[in-house]
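Q: Just dropping this structure here.
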Amino acid sequence: MSIASALGLGGKKVRYGIVALGDISQGSLMPAVAHTGNSEITALVSSDAEKLSALGDLYKVDNRYGYDEFPALLASGQVDAIYLATPNWRHAEFAIPALEAGIHVLCEKPLEVTSDLCRDMMAAAERGGAKLMTAYRLHFEPANLDAIRRIRAGELGDLIAFTGGMGQVLDPANHRAKHGVQGGPLFDLAPYPINAIRFLFGAEPVEVISAVGTRHPEADLGDFDDTLAVTLRMPGNQLAQFVVSYYANRLDNFTITGTKGTIEMSPAFGLGDGLAQTRRIGEDDTHEQFPATDQFGGELRYFSDCILNDRAVEPSGEEGLADLLVVEAILEALRTGQPAKVEPFTRSLRIDPDVQEQRLRPVSAPDKVNASAPSR
């Protein structure tokens, strides 16, 4: 039984500990908590005393812990769940003991940096009777869910191909530039198109046909490919291609094409502005601008609702694992210069647009505290 069930949390707010107080926590998650209606912040965890003090005062959170004090937080009874936003390679370090203690975990993507660590996290959730959710905010965003509905209704006919990309110019001073491939665009950006490919096709990639990486010395980044182009083979002769880059001007779009129609989304993955679709069904063209929503508040409200009502979560740890299996095959293709099979995987639960869609209004974030430093 989860700690939420044991405490009888129905009708109450889920108490969250925020683990790592970097840019994404300060700029997106923490400002969203208040208007979810079913969530509250009751503890903060960071190795940065300035962040703990300033953000603790701002959000009126008295329970403040350093990373080395995390076990004390788990034993304190002050939280029912944590939001985990450490660097990717430290997710399992905090998620596993929390899950084993029966504390639910909303973990930023990618779930971890290897599929083995993803499985370790999933096993810990089973042992502790806790819920593990991968923080894929677009599983709750109206424009993406509308595309899923249209595809499932057959508007595009039989799906043929996906093309898309995500890019941004990374400041060489950013901590992501200092951690090799695990801090590069393959782990940071590629999960967005990979996940979109999987939820639009409703299927798992079977092979990385090709993966090519390039490095631009003038980008002054670390020891990793700053730009990658990948082609995936999907079941049934379907293809999917994407580009991710830390040296390209803003890139944020995808196109999914079938025998009867096409949906182009631009922007497709971003925050802030509302996302948009251009559709061609037969010869008829339409454009739709979707209102901006608080994507972080929406996913948090959904997760808390699942905790309070003891419902299965989607996207679960399985969803994070499925994307890591694709990432690992891309790494193999990059290493060998040859196609690489994706480890077979069957997803037991997929997006339910009617259950998961969230339309919380956007919120403004306060000025950030030392957010240019690594998430700490």
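To be explicit about the labels: the chains of the structure tokens are called A, B, and onward in the order shown, and within each one the residues are counted from 1, while ligands get numbers from 1 in the order they are shown.
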If you run DSSP over the backbone, which residues in segment 85-318 of chain A end up strand (DSSP E)? Put them as a PyMOL selection string.
A: chain A and resi 104-107+132-134+159-167+207-214+227-234+238-245+251-258+261-265+276-281+284-289
Q: Give me the residues near Asp146 of chain A as a ChimeraX atom specification, where near means some atom within 10 Å (using only C-alpha atoms) and where sequence neighbours in that chain fewer than 6 positions away do not count.
A: /A:152,277,290,353-354,357
Q: Given only C-alpha atoms, how would the per-residue table for segment 213-249 of chain A near segment 324-343 of chain A read, listing every residue at most 12 Å away with its closest atom pair and distance in Å to one decimal, sorted by chain and number, as CSV?
A:
```
residue,atom,partner,partner_atom,distance
A:Gly213,CA,A:Leu334,CA,7.2
A:Thr214,CA,A:Leu334,CA,10.6
A:Phe224,CA,A:Leu334,CA,11.5
A:Asp225,CA,A:Leu334,CA,10.0
A:Leu228,CA,A:Leu334,CA,9.5
A:Ala229,CA,A:Ile330,CA,10.0
A:Val230,CA,A:Ile330,CA,7.6
A:Thr231,CA,A:Ile330,CA,9.3
A:Leu232,CA,A:Val326,CA,9.0
A:Arg233,CA,A:Lys341,CA,9.4
A:Met234,CA,A:Val342,CA,10.3
A:Pro235,CA,A:Val342,CA,11.7
A:Phe242,CA,A:Ile330,CA,11.9
```
Q: Would you output that residue set with N, CA, C and O atoms, as a compact mmCIF listing (two decimals), in the first residue's frame?
A:
```txt
# COMPACT_ATOMS: atom_id res chain seq x y z
N GLY A 213 26.25 12.15 -35.75
CA GLY A 213 26.50 13.29 -34.89
C GLY A 213 27.61 14.16 -35.43
O GLY A 213 28.54 13.68 -36.08
N THR A 214 27.50 15.47 -35.19
CA THR A 214 28.53 16.41 -35.61
C THR A 214 28.89 17.33 -34.45
O THR A 214 28.09 17.56 -33.55
N PHE A 224 31.07 16.17 -26.66
CA PHE A 224 29.90 15.43 -27.14
C PHE A 224 29.47 16.02 -28.48
O PHE A 224 29.86 17.13 -28.84
N ASP A 225 28.68 15.25 -29.22
CA ASP A 225 28.11 15.75 -30.47
C ASP A 225 27.05 16.78 -30.15
O ASP A 225 26.07 16.48 -29.46
N LEU A 228 22.70 16.10 -33.74
CA LEU A 228 22.50 14.71 -34.15
C LEU A 228 21.29 14.60 -35.07
O LEU A 228 20.29 15.29 -34.89
N ALA A 229 21.41 13.71 -36.07
CA ALA A 229 20.30 13.37 -36.96
C ALA A 229 20.07 11.87 -36.88
O ALA A 229 21.02 11.08 -37.01
N VAL A 230 18.83 11.47 -36.67
CA VAL A 230 18.50 10.06 -36.40
C VAL A 230 17.33 9.63 -37.28
O VAL A 230 16.36 10.38 -37.45
N THR A 231 17.41 8.43 -37.82
CA THR A 231 16.30 7.81 -38.54
C THR A 231 15.93 6.51 -37.85
O THR A 231 16.79 5.65 -37.62
N LEU A 232 14.64 6.36 -37.53
CA LEU A 232 14.13 5.18 -36.85
C LEU A 232 13.20 4.41 -37.78
O LEU A 232 12.43 5.01 -38.55
N ARG A 233 13.25 3.09 -37.68
CA ARG A 233 12.27 2.25 -38.35
C ARG A 233 11.19 1.88 -37.34
O ARG A 233 11.46 1.38 -36.26
N MET A 234 9.93 2.14 -37.74
CA MET A 234 8.79 1.77 -36.93
C MET A 234 8.16 0.50 -37.51
O MET A 234 8.46 0.11 -38.65
N PRO A 235 7.28 -0.15 -36.76
CA PRO A 235 6.60 -1.33 -37.32
C PRO A 235 5.78 -0.96 -38.56
O PRO A 235 5.30 0.17 -38.68
N PHE A 242 14.48 12.63 -36.90
CA PHE A 242 14.52 13.88 -36.13
C PHE A 242 15.95 14.39 -36.03
O PHE A 242 16.93 13.63 -36.20
```
Q: Using only C-alpha atoms, which of the listed residues (A:Ala95, A:Val45, A:Leu156, A:Val113) sits closest to Gly261 of chain A?
A: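 Closest to Gly261 of chain A of all the choices is A:Leu156.
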Q: From segment 88-191 of chain A, collect each residue whose DSSP state is helix (DSSP H, G or I) and return the set as number ranges by chain.
A: A: 88-100, 115-128, 137-140, 142-152, 175-178, 180-183, 185-188, 191
Q: Please list as a VMD selection string every residue within 10 Å of Pro185 of chain A, counting only C-alpha atoms and excluding residues in the same chain fewer than 6 positions away.
A: chain A and resid 166 to 168 170 176 to 177 191 224 to 228 243 to 247
Q: Could you name the residues that touch Leu73 of chain A at 9 Å or less, counting only C-alpha atoms, but leaving out those on the same chain fewer than 3 positions away, as a list in words?
A: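 Contacts, with the query itself left out: Gly17, Ala43, Val45, Asn63, Arg64, Tyr65, Glu69, Phe70, Ser76, Gly77, Gln78 and Val79 of chain A.
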Q: Store the residues of this selection in a file with C-alpha atoms, as a PDB file, in the first residue's frame.
A:
```
ATOM      1  CA  GLY A  17       9.398  17.883  -1.452  1.00  0.00           C
ATOM      2  CA  ALA A  43      10.002  20.647   1.912  1.00  0.00           C
ATOM      3  CA  VAL A  45      16.198  19.894  -0.889  1.00  0.00           C
ATOM      4  CA  ASN A  63      11.487  22.197   6.067  1.00  0.00           C
ATOM      5  CA  ARG A  64      14.834  22.650   4.291  1.00  0.00           C
ATOM      6  CA  TYR A  65      17.394  19.911   3.674  1.00  0.00           C
ATOM      7  CA  GLU A  69      20.072  15.095   4.766  1.00  0.00           C
ATOM      8  CA  PHE A  70      17.725  13.463   2.233  1.00  0.00           C
ATOM      9  CA  SER A  76      10.287  12.889   8.623  1.00  0.00           C
ATOM     10  CA  GLY A  77       6.666  12.337   7.588  1.00  0.00           C
ATOM     11  CA  GLN A  78       6.692  15.806   6.011  1.00  0.00           C
ATOM     12  CA  VAL A  79       6.146  14.740   2.387  1.00  0.00           C
TER      13      VAL A  79
END
```
Q: Restricting the calculation to only C-alpha atoms, which member of A:Ser47, A:Gln295, A:Thr278, A:Thr42 is positioned closest to Ala20 of chain A?
A: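 For Ala20 of chain A, the nearest of the given residues is A:Ser47.
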Q: Neighbouring residues of Thr293 of chain A were defined as those with any atom within 12 Å, considering only C-alpha atoms; residues of the same chain fewer than 6 positions away were excluded. Please report them as an MDAnalysis selection string.
A: chainID A and resid 28 32 137:138 140:143 270:275 299 357:364
Q: Counting only C-alpha atoms, which residue out of A:Gly129, A:Pro344, A:Pro366, A:Pro87 sits closest to Val105 of chain A?
A: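 Of A:Gly129, A:Pro344, A:Pro366, A:Pro87, the one nearest Val105 of chain A, counting only C-alpha atoms, is A:Gly129.
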Q: Taking into account only C-alpha atoms, which residue in the set A:Ile24, A:Leu132, A:Ala268, A:Leu200 is nearest to Ile160 of chain A?
A: A:Leu200
Q: Smallest atom-to-atom distance to Ala203 of chain A: which of A:Asn38, A:Thr286, A:Thr134, A:Gln238, using only C-alpha atoms?
A: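 Counting only C-alpha atoms, the residue closest to Ala203 of chain A is A:Gln238.
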Q: Could you give me, as a PyMOL selection string, the residues within 10 Å of Pro193 of chain A, counting only C-alpha atoms and dropping anything in the same chain fewer than 6 positions from it?
A: chain A and resi 162-166+199+240-244+252-254+268-269+323
Q: Skipping near chain neighbours, those fewer than 2 positions away, what residues fall within 12 Å of Glu50 of chain A using only C-alpha atoms, listed as a VMD selection string?
A: chain A and resid 21 to 22 45 to 48 52 to 57 64 66 368 to 371 373 376
Q: In Å to one decimal, how far is atom CA of Leu300 of chain A from atom CA of Ala101 of chain A?
A: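 Those two atoms sit 20.6 Å apart.
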